[in-house]
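Text of the file entry-v7.tsv, holding TSV, C-alpha atoms:
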```tsv
chain	number	residue	atom	x	y	z
A	24	MET	CA	-2.06	301.94	93.96
A	25	SER	CA	-2.83	301.28	97.62
A	26	THR	CA	-5.76	303.14	99.09
A	27	PRO	CA	-3.75	305.03	101.80
A	28	ASN	CA	-1.76	306.82	99.10
A	29	LEU	CA	-4.95	308.25	97.64
A	30	ILE	CA	-5.56	310.59	100.57
A	31	SER	CA	-2.40	312.62	99.89
A	32	HIS	CA	-4.25	314.25	96.99
A	33	ALA	CA	-7.47	314.75	98.93
A	34	THR	CA	-9.47	317.99	98.93
A	35	VAL	CA	-11.15	319.11	102.14
A	36	LEU	CA	-13.91	321.72	102.07
A	37	VAL	CA	-14.23	323.69	105.33
A	38	VAL	CA	-17.56	325.46	105.87
A	39	ASP	CA	-17.76	327.93	108.78
A	40	ASP	CA	-18.98	331.49	109.19
A	41	ALA	CA	-16.22	332.40	111.64
A	42	PRO	CA	-12.99	333.61	109.90
A	43	GLU	CA	-10.85	332.51	112.88
A	44	ASN	CA	-12.14	328.93	112.59
A	45	LEU	CA	-11.43	328.87	108.86
A	46	THR	CA	-7.90	330.14	109.50
A	47	GLN	CA	-7.23	327.68	112.30
A	48	LEU	CA	-8.51	324.64	110.39
A	49	GLY	CA	-6.79	325.77	107.21
A	50	ASN	CA	-3.44	325.99	108.99
A	51	MET	CA	-3.91	322.50	110.45
A	52	LEU	CA	-4.78	320.87	107.15
A	53	LYS	CA	-2.99	322.75	104.39
A	54	GLY	CA	0.32	321.00	104.86
A	55	GLN	CA	-1.27	317.62	104.05
A	56	TYR	CA	-4.36	318.33	101.93
A	57	THR	CA	-5.82	320.77	99.46
A	58	VAL	CA	-8.11	323.04	101.48
A	59	LYS	CA	-11.11	324.92	100.12
A	60	ILE	CA	-13.21	327.27	102.27
A	61	ALA	CA	-16.81	328.49	102.29
A	62	ARG	CA	-18.17	331.12	104.71
A	63	ASN	CA	-21.80	329.96	104.54
A	64	GLY	CA	-24.03	327.12	103.40
A	65	GLU	CA	-25.03	328.74	100.13
A	66	THR	CA	-21.39	329.08	99.07
A	67	ALA	CA	-20.70	325.48	100.07
A	68	LEU	CA	-23.59	324.18	97.95
A	69	ARG	CA	-22.54	326.34	95.00
A	70	PHE	CA	-19.01	324.97	95.25
A	71	ALA	CA	-20.36	321.42	95.43
A	72	THR	CA	-22.41	321.83	92.27
A	73	THR	CA	-19.95	323.81	90.12
A	74	GLU	CA	-16.53	322.49	91.15
A	75	GLN	CA	-15.09	319.02	91.50
A	76	ALA	CA	-16.60	317.40	94.58
A	77	PRO	CA	-14.35	317.48	97.66
A	78	ASP	CA	-13.21	314.27	99.34
A	79	LEU	CA	-14.34	315.45	102.78
A	80	ILE	CA	-16.44	318.31	104.17
A	81	LEU	CA	-15.98	319.91	107.60
A	82	LEU	CA	-19.34	321.58	108.23
A	83	ASP	CA	-20.21	324.00	111.01
A	84	ILE	CA	-23.60	323.30	112.58
A	85	ILE	CA	-24.52	326.79	113.76
A	86	MET	CA	-24.39	329.37	110.95
A	87	PRO	CA	-26.59	332.35	110.09
A	88	GLY	CA	-29.20	331.70	107.41
A	89	MET	CA	-28.82	328.10	106.37
A	90	ASP	CA	-27.52	325.98	109.25
A	91	GLY	CA	-25.25	322.97	108.90
A	92	TYR	CA	-28.07	320.43	109.14
A	93	GLU	CA	-29.90	321.96	106.15
A	94	VAL	CA	-26.67	322.15	104.17
A	95	PHE	CA	-26.05	318.47	104.97
A	96	ARG	CA	-29.57	317.52	103.82
A	97	GLN	CA	-29.10	319.26	100.49
A	98	LEU	CA	-25.61	317.82	99.98
A	99	LYS	CA	-27.12	314.34	100.26
A	100	GLU	CA	-29.62	315.18	97.52
A	101	ILE	CA	-26.85	316.15	95.06
A	102	PRO	CA	-25.58	313.02	93.23
A	103	LYS	CA	-21.94	314.19	93.07
A	104	THR	CA	-21.76	314.91	96.85
A	105	ARG	CA	-24.05	312.13	98.08
A	106	ASN	CA	-21.13	309.88	99.02
A	107	VAL	CA	-18.83	312.62	100.35
A	108	PRO	CA	-18.32	312.12	104.12
A	109	VAL	CA	-19.26	315.08	106.33
A	110	ILE	CA	-17.77	315.86	109.74
A	111	PHE	CA	-19.90	318.30	111.67
A	112	LEU	CA	-18.23	321.05	113.70
A	113	GLY	CA	-20.15	321.56	116.95
A	114	ALA	CA	-20.01	324.34	119.53
A	115	GLY	CA	-23.18	323.72	121.54
A	116	ASN	CA	-24.06	320.66	123.58
A	117	PRO	CA	-21.57	317.99	122.45
A	118	SER	CA	-23.76	315.00	123.37
A	119	GLU	CA	-26.86	316.42	121.64
A	120	ASP	CA	-24.87	317.51	118.59
A	121	GLU	CA	-23.24	314.11	118.33
A	122	ALA	CA	-26.55	312.23	118.67
A	123	ARG	CA	-28.25	314.27	115.96
A	124	SER	CA	-25.21	314.22	113.69
A	125	PHE	CA	-25.02	310.44	113.65
A	126	GLU	CA	-28.79	310.16	113.36
A	127	LEU	CA	-28.66	312.22	110.16
A	128	GLY	CA	-25.83	310.09	108.77
A	129	ALA	CA	-22.77	312.26	109.35
A	130	ALA	CA	-19.40	310.56	109.39
A	131	ASP	CA	-18.22	312.19	112.65
A	132	LEU	CA	-18.40	315.27	114.86
A	133	ILE	CA	-15.53	317.44	116.11
A	134	ALA	CA	-16.30	319.74	119.04
A	135	LYS	CA	-14.98	323.27	119.39
A	136	PRO	CA	-12.49	324.50	120.48
A	137	PHE	CA	-10.41	322.44	118.09
A	138	ASN	CA	-7.69	320.09	119.23
A	139	PRO	CA	-5.23	319.79	116.30
A	140	THR	CA	-4.38	316.17	117.12
A	141	VAL	CA	-8.05	315.19	117.19
A	142	VAL	CA	-8.84	317.12	114.01
A	143	LEU	CA	-5.98	315.59	112.02
A	144	ALA	CA	-6.68	312.06	113.28
A	145	ARG	CA	-10.39	312.19	112.47
A	146	VAL	CA	-9.88	313.83	109.10
A	147	LYS	CA	-7.28	311.21	108.17
A	148	ALA	CA	-9.54	308.37	109.33
A	149	GLN	CA	-12.49	309.56	107.26
A	150	LEU	CA	-10.37	310.16	104.18
A	151	GLN	CA	-8.91	306.68	104.44
A	152	LEU	CA	-12.39	305.20	104.76
A	153	LYS	CA	-13.58	307.15	101.73
A	154	ALA	CA	-10.51	306.18	99.71
A	155	SER	CA	-11.14	302.53	100.51
A	156	ALA	CA	-14.83	302.83	99.63
A	157	ASP	CA	-14.01	304.59	96.35
A	158	PHE	CA	-11.41	301.97	95.54
A	159	LEU	CA	-13.87	299.13	96.15
A	160	ARG	CA	-16.59	300.93	94.20
A	161	ASP	CA	-14.25	301.40	91.24
A	162	GLN	CA	-13.16	297.77	91.43
A	163	ASN	CA	-16.76	296.61	91.57
A	164	SER	CA	-17.64	298.77	88.57
A	165	PHE	CA	-14.64	297.39	86.69
A	166	LEU	CA	-15.62	293.81	87.54
A	167	GLU	CA	-19.22	294.43	86.45
A	168	GLN	CA	-18.01	295.83	83.13
A	169	THR	CA	-15.62	292.90	82.69
A	170	VAL	CA	-18.34	290.36	83.45
A	171	HIS	CA	-20.71	292.12	81.04
A	172	GLN	CA	-18.04	292.15	78.33
A	173	ARG	CA	-17.09	288.50	78.84
A	174	THR	CA	-20.75	287.48	78.92
A	175	HIS	CA	-21.37	289.34	75.66
A	176	GLU	CA	-18.32	287.69	74.09
A	177	ALA	CA	-19.41	284.24	75.29
A	178	LEU	CA	-22.88	284.74	73.85
A	179	SER	CA	-21.39	285.95	70.57
A	180	VAL	CA	-19.21	282.84	70.38
A	181	GLN	CA	-22.23	280.68	71.21
A	182	GLU	CA	-24.34	282.23	68.47
A	183	ALA	CA	-21.54	282.06	65.91
A	184	ALA	CA	-20.98	278.38	66.73
A	185	ILE	CA	-24.70	277.65	66.44
A	186	MET	CA	-24.91	279.39	63.09
A	187	ALA	CA	-21.82	277.58	61.80
A	188	MET	CA	-23.24	274.20	62.82
A	189	ALA	CA	-26.69	274.95	61.45
A	190	THR	CA	-25.23	276.27	58.19
A	191	LEU	CA	-23.22	273.07	57.81
A	192	ILE	CA	-26.38	271.01	58.30
A	193	GLU	CA	-28.31	273.17	55.84
A	194	SER	CA	-25.59	272.66	53.26
A	195	ARG	CA	-26.51	268.97	53.04
A	196	GLY	CA	-29.80	269.94	51.45
A	197	SER	CA	-30.64	272.28	48.63
A	198	SER	CA	-30.94	275.30	50.89
A	199	HIS	CA	-28.17	277.64	52.03
A	200	GLY	CA	-26.92	279.90	54.77
A	201	ALA	CA	-29.27	282.76	53.92
A	202	VAL	CA	-32.21	280.55	54.91
A	203	LEU	CA	-31.12	280.56	58.54
A	204	ARG	CA	-30.84	284.32	58.80
A	205	ARG	CA	-34.07	284.79	56.89
A	206	LYS	CA	-36.08	282.51	59.18
A	207	GLN	CA	-34.34	283.83	62.25
A	208	GLN	CA	-35.28	287.40	61.37
A	209	GLN	CA	-38.85	286.44	60.48
A	210	ILE	CA	-39.48	284.64	63.78
A	211	LEU	CA	-38.02	287.68	65.57
A	212	ILE	CA	-40.47	290.00	63.80
A	213	LEU	CA	-43.36	287.65	64.57
A	214	ALA	CA	-42.38	287.38	68.25
A	215	ARG	CA	-42.14	291.15	68.66
A	216	HIS	CA	-45.53	291.58	67.01
A	217	LEU	CA	-47.12	288.98	69.29
A	218	GLN	CA	-45.48	290.65	72.29
A	219	LYS	CA	-47.73	293.66	71.72
A	220	LYS	CA	-50.85	291.52	72.16
A	221	PRO	CA	-52.17	291.08	75.74
A	222	ALA	CA	-52.54	287.31	75.41
A	223	TYR	CA	-48.89	286.82	74.51
A	224	ALA	CA	-47.09	289.64	76.32
A	225	PRO	CA	-46.69	287.66	79.60
A	226	HIS	CA	-45.03	284.80	77.71
A	227	LEU	CA	-42.77	286.80	75.40
A	228	SER	CA	-40.41	288.98	77.39
A	229	ASN	CA	-37.45	290.50	75.54
A	230	GLU	CA	-35.22	287.83	77.07
A	231	VAL	CA	-37.47	284.99	75.88
A	232	ILE	CA	-37.70	286.48	72.38
A	233	GLU	CA	-33.92	286.64	72.17
A	234	LEU	CA	-33.62	283.00	73.26
A	235	ILE	CA	-36.16	281.93	70.64
A	236	ARG	CA	-34.31	283.91	67.97
A	237	LYS	CA	-31.03	282.23	68.85
A	238	ALA	CA	-32.57	278.75	69.06
A	239	ALA	CA	-34.42	278.97	65.74
A	240	PRO	CA	-31.45	277.94	63.53
A	241	LEU	CA	-31.28	274.58	65.33
A	242	GLN	CA	-34.76	273.66	64.12
A	243	ASP	CA	-33.61	271.07	61.57
A	244	ILE	CA	-30.45	269.89	63.33
A	245	GLY	CA	-31.93	266.39	63.35
A	246	THR	CA	-31.64	266.10	59.57
A	247	VAL	CA	-28.00	265.22	60.17
A	248	GLY	CA	-29.31	261.75	60.97
A	249	ILE	CA	-31.34	261.40	57.77
A	250	PRO	CA	-29.64	259.51	54.87
A	251	ASP	CA	-28.76	261.58	51.80
A	252	ARG	CA	-30.80	259.27	49.55
A	253	ILE	CA	-33.90	260.50	51.37
A	254	LEU	CA	-32.88	264.04	52.25
A	255	LEU	CA	-31.75	264.83	48.71
A	256	LYS	CA	-34.33	262.78	46.81
A	257	PRO	CA	-35.74	264.94	43.99
A	258	GLY	CA	-39.03	263.05	43.70
A	259	ARG	CA	-41.88	262.26	46.06
A	260	LEU	CA	-40.94	260.24	49.14
A	261	THR	CA	-42.43	256.80	49.69
A	262	PRO	CA	-44.39	256.26	52.94
A	263	GLU	CA	-41.37	254.44	54.39
A	264	GLU	CA	-39.01	257.23	53.35
A	265	PHE	CA	-41.33	259.88	54.77
A	266	GLY	CA	-41.43	257.91	58.02
A	267	THR	CA	-37.65	258.10	58.16
A	268	MET	CA	-37.69	261.82	57.32
A	269	LYS	CA	-40.10	262.50	60.18
A	270	MET	CA	-37.53	261.12	62.60
A	271	HIS	CA	-35.46	264.30	62.24
A	272	ALA	CA	-37.57	266.07	64.88
A	273	THR	CA	-36.91	263.35	67.44
A	274	ILE	CA	-33.23	263.05	66.49
A	275	GLY	CA	-32.75	266.79	66.93
A	276	PHE	CA	-34.60	266.82	70.26
A	277	GLU	CA	-32.60	263.88	71.65
A	278	THR	CA	-29.34	265.45	70.49
A	279	ILE	CA	-30.05	268.68	72.37
A	280	LEU	CA	-31.40	266.73	75.36
A	281	GLN	CA	-28.12	264.83	75.56
A	282	ALA	CA	-26.18	268.08	75.39
A	283	GLU	CA	-28.24	269.41	78.30
A	284	LYS	CA	-27.56	266.27	80.32
A	285	GLU	CA	-23.83	266.65	79.74
A	286	LEU	CA	-24.10	270.28	80.80
A	287	GLY	CA	-25.51	269.05	84.09
A	288	LYS	CA	-27.98	271.86	84.63
A	289	HIS	CA	-31.09	273.46	83.18
A	290	SER	CA	-30.55	275.93	80.34
A	291	GLU	CA	-33.27	278.30	79.13
A	292	PHE	CA	-31.60	278.50	75.74
A	293	LEU	CA	-31.63	274.70	75.37
A	294	ARG	CA	-35.24	274.65	76.57
A	295	TYR	CA	-36.36	276.68	73.56
A	296	ALA	CA	-34.02	274.78	71.27
A	297	LYS	CA	-35.68	271.52	72.39
A	298	GLU	CA	-39.18	272.96	71.96
A	299	ILE	CA	-38.58	274.23	68.44
A	300	THR	CA	-36.60	271.21	67.28
A	301	HIS	CA	-39.06	268.66	68.64
A	302	SER	CA	-42.38	270.34	67.91
A	303	HIS	CA	-42.09	272.60	64.85
A	304	GLN	CA	-43.76	269.89	62.73
A	305	GLU	CA	-46.75	269.54	65.06
A	306	LYS	CA	-50.07	270.88	63.75
A	307	TRP	CA	-52.82	272.77	65.55
A	308	ASP	CA	-55.39	270.08	64.68
A	309	GLY	CA	-53.18	267.27	66.03
A	310	SER	CA	-52.24	265.77	62.66
A	311	GLY	CA	-48.54	266.66	62.87
A	312	TYR	CA	-45.53	264.76	64.21
A	313	PRO	CA	-43.68	263.36	66.10
A	314	GLN	CA	-46.05	263.36	69.09
A	315	GLY	CA	-49.35	264.34	67.50
A	316	LEU	CA	-49.77	267.31	69.82
A	317	ALA	CA	-52.71	269.63	69.28
A	318	GLY	CA	-53.69	273.20	70.17
A	319	GLU	CA	-51.86	274.88	73.02
A	320	ALA	CA	-50.21	271.60	74.00
A	321	ILE	CA	-47.73	272.57	71.29
A	322	PRO	CA	-45.13	274.94	72.80
A	323	LEU	CA	-45.59	278.57	71.80
A	324	SER	CA	-42.09	278.80	70.33
A	325	ALA	CA	-42.81	275.79	68.08
A	326	ARG	CA	-46.17	277.21	66.96
A	327	MET	CA	-44.36	280.36	65.88
A	328	ALA	CA	-41.59	278.41	64.16
A	329	ALA	CA	-44.15	276.32	62.26
A	330	VAL	CA	-45.66	279.33	60.48
A	331	VAL	CA	-42.26	280.78	59.60
A	332	ASP	CA	-40.99	277.39	58.45
A	333	VAL	CA	-43.93	276.72	56.14
A	334	TYR	CA	-43.82	280.21	54.64
A	335	ASP	CA	-40.12	279.80	53.90
A	336	ALA	CA	-40.61	276.30	52.47
A	337	ILE	CA	-43.40	277.50	50.16
A	338	THR	CA	-41.47	280.50	48.84
A	339	SER	CA	-38.12	278.69	48.44
A	340	LYS	CA	-36.98	276.53	45.57
A	341	ARG	CA	-36.11	273.02	46.68
A	342	ILE	CA	-34.65	270.03	44.89
A	343	TYR	CA	-38.12	268.48	44.84
A	344	LYS	CA	-40.26	271.58	44.04
A	345	PRO	CA	-40.29	275.11	42.55
A	346	ALA	CA	-40.79	278.24	44.66
A	347	LEU	CA	-44.26	279.75	44.97
A	348	SER	CA	-44.95	283.46	45.24
A	349	HIS	CA	-45.36	285.44	48.43
A	350	GLU	CA	-49.06	285.90	47.66
A	351	GLU	CA	-49.56	282.16	47.20
A	352	ALA	CA	-47.78	281.45	50.49
A	353	ILE	CA	-49.90	283.97	52.38
A	354	LYS	CA	-53.07	282.44	50.90
A	355	ILE	CA	-52.02	278.93	52.01
A	356	ILE	CA	-51.24	280.12	55.53
A	357	ALA	CA	-54.60	281.94	55.75
A	358	GLU	CA	-56.45	278.81	54.59
A	359	ASN	CA	-54.70	276.66	57.17
A	360	ARG	CA	-55.50	278.74	60.25
A	361	GLY	CA	-56.97	276.39	62.82
A	362	LYS	CA	-55.72	273.35	60.87
A	363	HIS	CA	-51.97	273.40	60.48
A	364	PHE	CA	-51.41	276.63	62.41
A	365	ASP	CA	-52.44	278.26	65.65
A	366	PRO	CA	-55.12	280.60	64.24
A	367	ALA	CA	-54.06	283.59	66.37
A	368	ILE	CA	-50.39	283.22	65.47
A	369	ALA	CA	-51.16	282.69	61.79
A	370	SER	CA	-53.32	285.82	61.81
A	371	ALA	CA	-50.53	287.77	63.48
A	372	PHE	CA	-48.14	286.51	60.79
A	373	LEU	CA	-50.51	287.76	58.10
A	374	GLU	CA	-50.60	291.16	59.80
A	375	ILE	CA	-46.83	291.49	59.30
A	376	ALA	CA	-46.79	289.90	55.84
A	377	SER	CA	-45.17	292.94	54.23
A	378	GLU	CA	-42.29	292.90	56.74
A	379	VAL	CA	-41.87	289.15	56.24
A	380	ARG	CA	-41.65	289.69	52.50
A	381	GLN	CA	-39.01	292.39	52.91
A	382	VAL	CA	-36.88	290.00	54.98
A	383	ALA	CA	-37.31	287.27	52.36
A	384	GLN	CA	-36.16	289.65	49.65
A	385	ARG	CA	-33.22	290.90	51.70
A	386	PHE	CA	-31.90	287.37	52.26
A	387	ALA	CA	-32.93	285.95	48.90
A	388	GLU	CA	-29.46	285.82	47.37
A	389	LYS	CA	-27.84	282.43	47.81
A	390	LEU	CA	-24.76	282.41	50.00
A	391	ASP	CA	-21.66	280.40	49.31
A	392	VAL	CA	-21.92	277.78	52.07
A	393	GLN	CA	-18.21	277.17	52.47
A	394	ALA	CA	-17.53	280.92	52.53
A	395	GLU	CA	-20.25	281.38	55.15
A	396	ILE	CA	-18.83	278.64	57.35
A	397	LYS	CA	-15.34	280.12	56.98
A	398	ARG	CA	-16.69	283.55	57.96
A	399	LEU	CA	-18.39	282.14	61.06
A	400	GLU	CA	-15.24	280.23	62.03
A	401	THR	CA	-13.31	283.51	61.81
A	402	VAL	CA	-15.85	285.21	64.08
A	403	VAL	CA	-15.47	282.41	66.64
A	404	ASP	CA	-11.67	282.61	66.50
A	405	GLU	CA	-11.72	286.36	66.97
A	406	LYS	CA	-14.11	286.15	69.94
A	407	ILE	CA	-11.99	283.45	71.58
A	408	GLU	CA	-8.87	285.59	71.20
A	409	LEU	CA	-10.67	288.52	72.86
A	410	SER	CA	-11.89	286.43	75.80
```
Give the structure from this file in structure tokens form.
Amino acid sequence: MSTPNLISHATVLVVDDAPENLTQLGNMLKGQYTVKIARNGETALRFATTEQAPDLILLDIIMPGMDGYEVFRQLKEIPKTRNVPVIFLGAGNPSEDEARSFELGAADLIAKPFNPTVVLARVKAQLQLKASADFLRDQNSFLEQTVHQRTHEALSVQEAAIMAMATLIESRGSSHGAVLRRKQQQILILARHLQKKPAYAPHLSNEVIELIRKAAPLQDIGTVGIPDRILLKPGRLTPEEFGTMKMHATIGFETILQAEKELGKHSEFLRYAKEITHSHQEKWDGSGYPQGLAGEAIPLSARMAAVVDVYDAITSKRIYKPALSHEEAIKIIAENRGKHFDPAIASAFLEIASEVRQVAQRFAEKLDVQAEIKRLETVVDEKIELS
């Protein structure tokens, strides 16, 4: 619908204390617009707050009690009438009335006595301007909603694709799809708990926490480059085999780094994916790998992932070891504060140990890997169809 057509359904509110002015203006306008009348400012404000807002208000300046300027001020404080254009009706000094009217933000001023041609032309002009503004505002709102929806869909597709890829990688080992959701939920709980602490709040905004949560499943993506004879070996690895296994952190980092280069621009999501993938095996005392980082030189996201990863590894059955209890895992983490783990982060993890255990229990049941991948593929297909 073109904007000019919108004014044929416009409602004009005429506010004047003189019955003859209301009659004259009503006769001019009623053939083209819906006309409402108010004999004083109080009635005009009551109409504005209880009825559907008019498209235009013709407002007399000089009225007993509340004058037009005060009515105008209050109209601009009411959300539903804030954007309604107001044409003042002046009967005093035209130049002074006009100057003050425009200074206050009125759309126009029509001097008395009324000239029908002038009245109709100015009313039509203001209604067309308002119709255009409303049309653009509606279009802008629609575009914002569309962008928000498409962004949400794109992020959903991204996360589903990440989970599908990570689940496929996990399936090479003895773990399963539930591991990813378990660790993802646990690092989310840890991040939110740390966010409440003054030392970490500046570094863990809600946006950053969400990026860390999404990046966490990519932690072991580098194991795709580790031979099955090492990855699936049931016994203890030889020093040479362990050296090969340690390469998974670098392989994962370089894989994501290459993806970022192909993207051609910086990505905050890939930043955290690189941090976690490359540094989750680093240790607070500098004895970890692949770079031997120590203390706060290890990225915060990786320090968080390290605690969650070790807890999950201890409490999970693997091809090369049985699962230990929650209590045993908590004891090991407590003993390794300041050694393997950032002591403050490990302590925070212990503070939420009961929540961590609940998540572990909730995602304890082994998922069928192929069924999980099929489910994630379906989610991606559905999101693509919607986009």
Counting only C-alpha atoms, note down every residue that has an atom within 12 Å of the point (-9.5, 320.2, 104.0) (file coordinates), as a VMD selection string. chain A and resid 30 to 38 45 to 61 77 to 82 108 to 110 142 to 143 145 to 147 149 to 150
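Shortest separation to Ile244 in chain A among A:Asp161, A:Glu305, A:Glu350, A:Glu277 occurs at residue A:Glu277, atoms counted being all atoms listed in the file.
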Starting from the point (-44.0, 280.2, 51.8), work out which residues of protein, DNA or RNA have an atom no more than 12 Å away when counting all atoms listed in the file; state them as number ranges by chain. A: 206, 209, 329-341, 345-357, 372-373, 376, 379-380, 383
Atom pair CA of Ile210 in chain A / CA of Leu260 in chain A: separation (Å): 28.5 Å
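For the choices A:Gln162, A:Gln304, A:Gln75, A:Gln207, the atom-to-atom distance to Ile321 in chain A is smallest for A:Gln304 when using only C-alpha atoms.
The gap separating CA of Leu127 in chain A from CA of Gln97 in chain A is 12.0 Å, in Å to one decimal.
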List the spatial neighbours of Ala76 in chain A as a ChimeraX atom specification - criterion: any atom at most 7 Å away, only C-alpha atoms, same-chain residues fewer than 2 positions off excluded. /A:71,74,78,103-104
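With only C-alpha atoms taken into account, the protein and nucleic acid residues at most 9 Å from Met268 in chain A (excluding it and anything under 6 positions from it in its own chain) are A:Thr246, A:Ile249, A:Pro250, A:Ile253, A:Leu254, A:Leu260.
As for CA of Gly248 in chain A and CA of Ile274 in chain A, they are spaced 6.9 Å apart.
Remark: for Ile368 in chain A, the closest of the candidate residues A:Ala222, A:Leu234, A:Gly309, A:Arg294 is A:Ala222 (distances computed over all atoms listed in the file).
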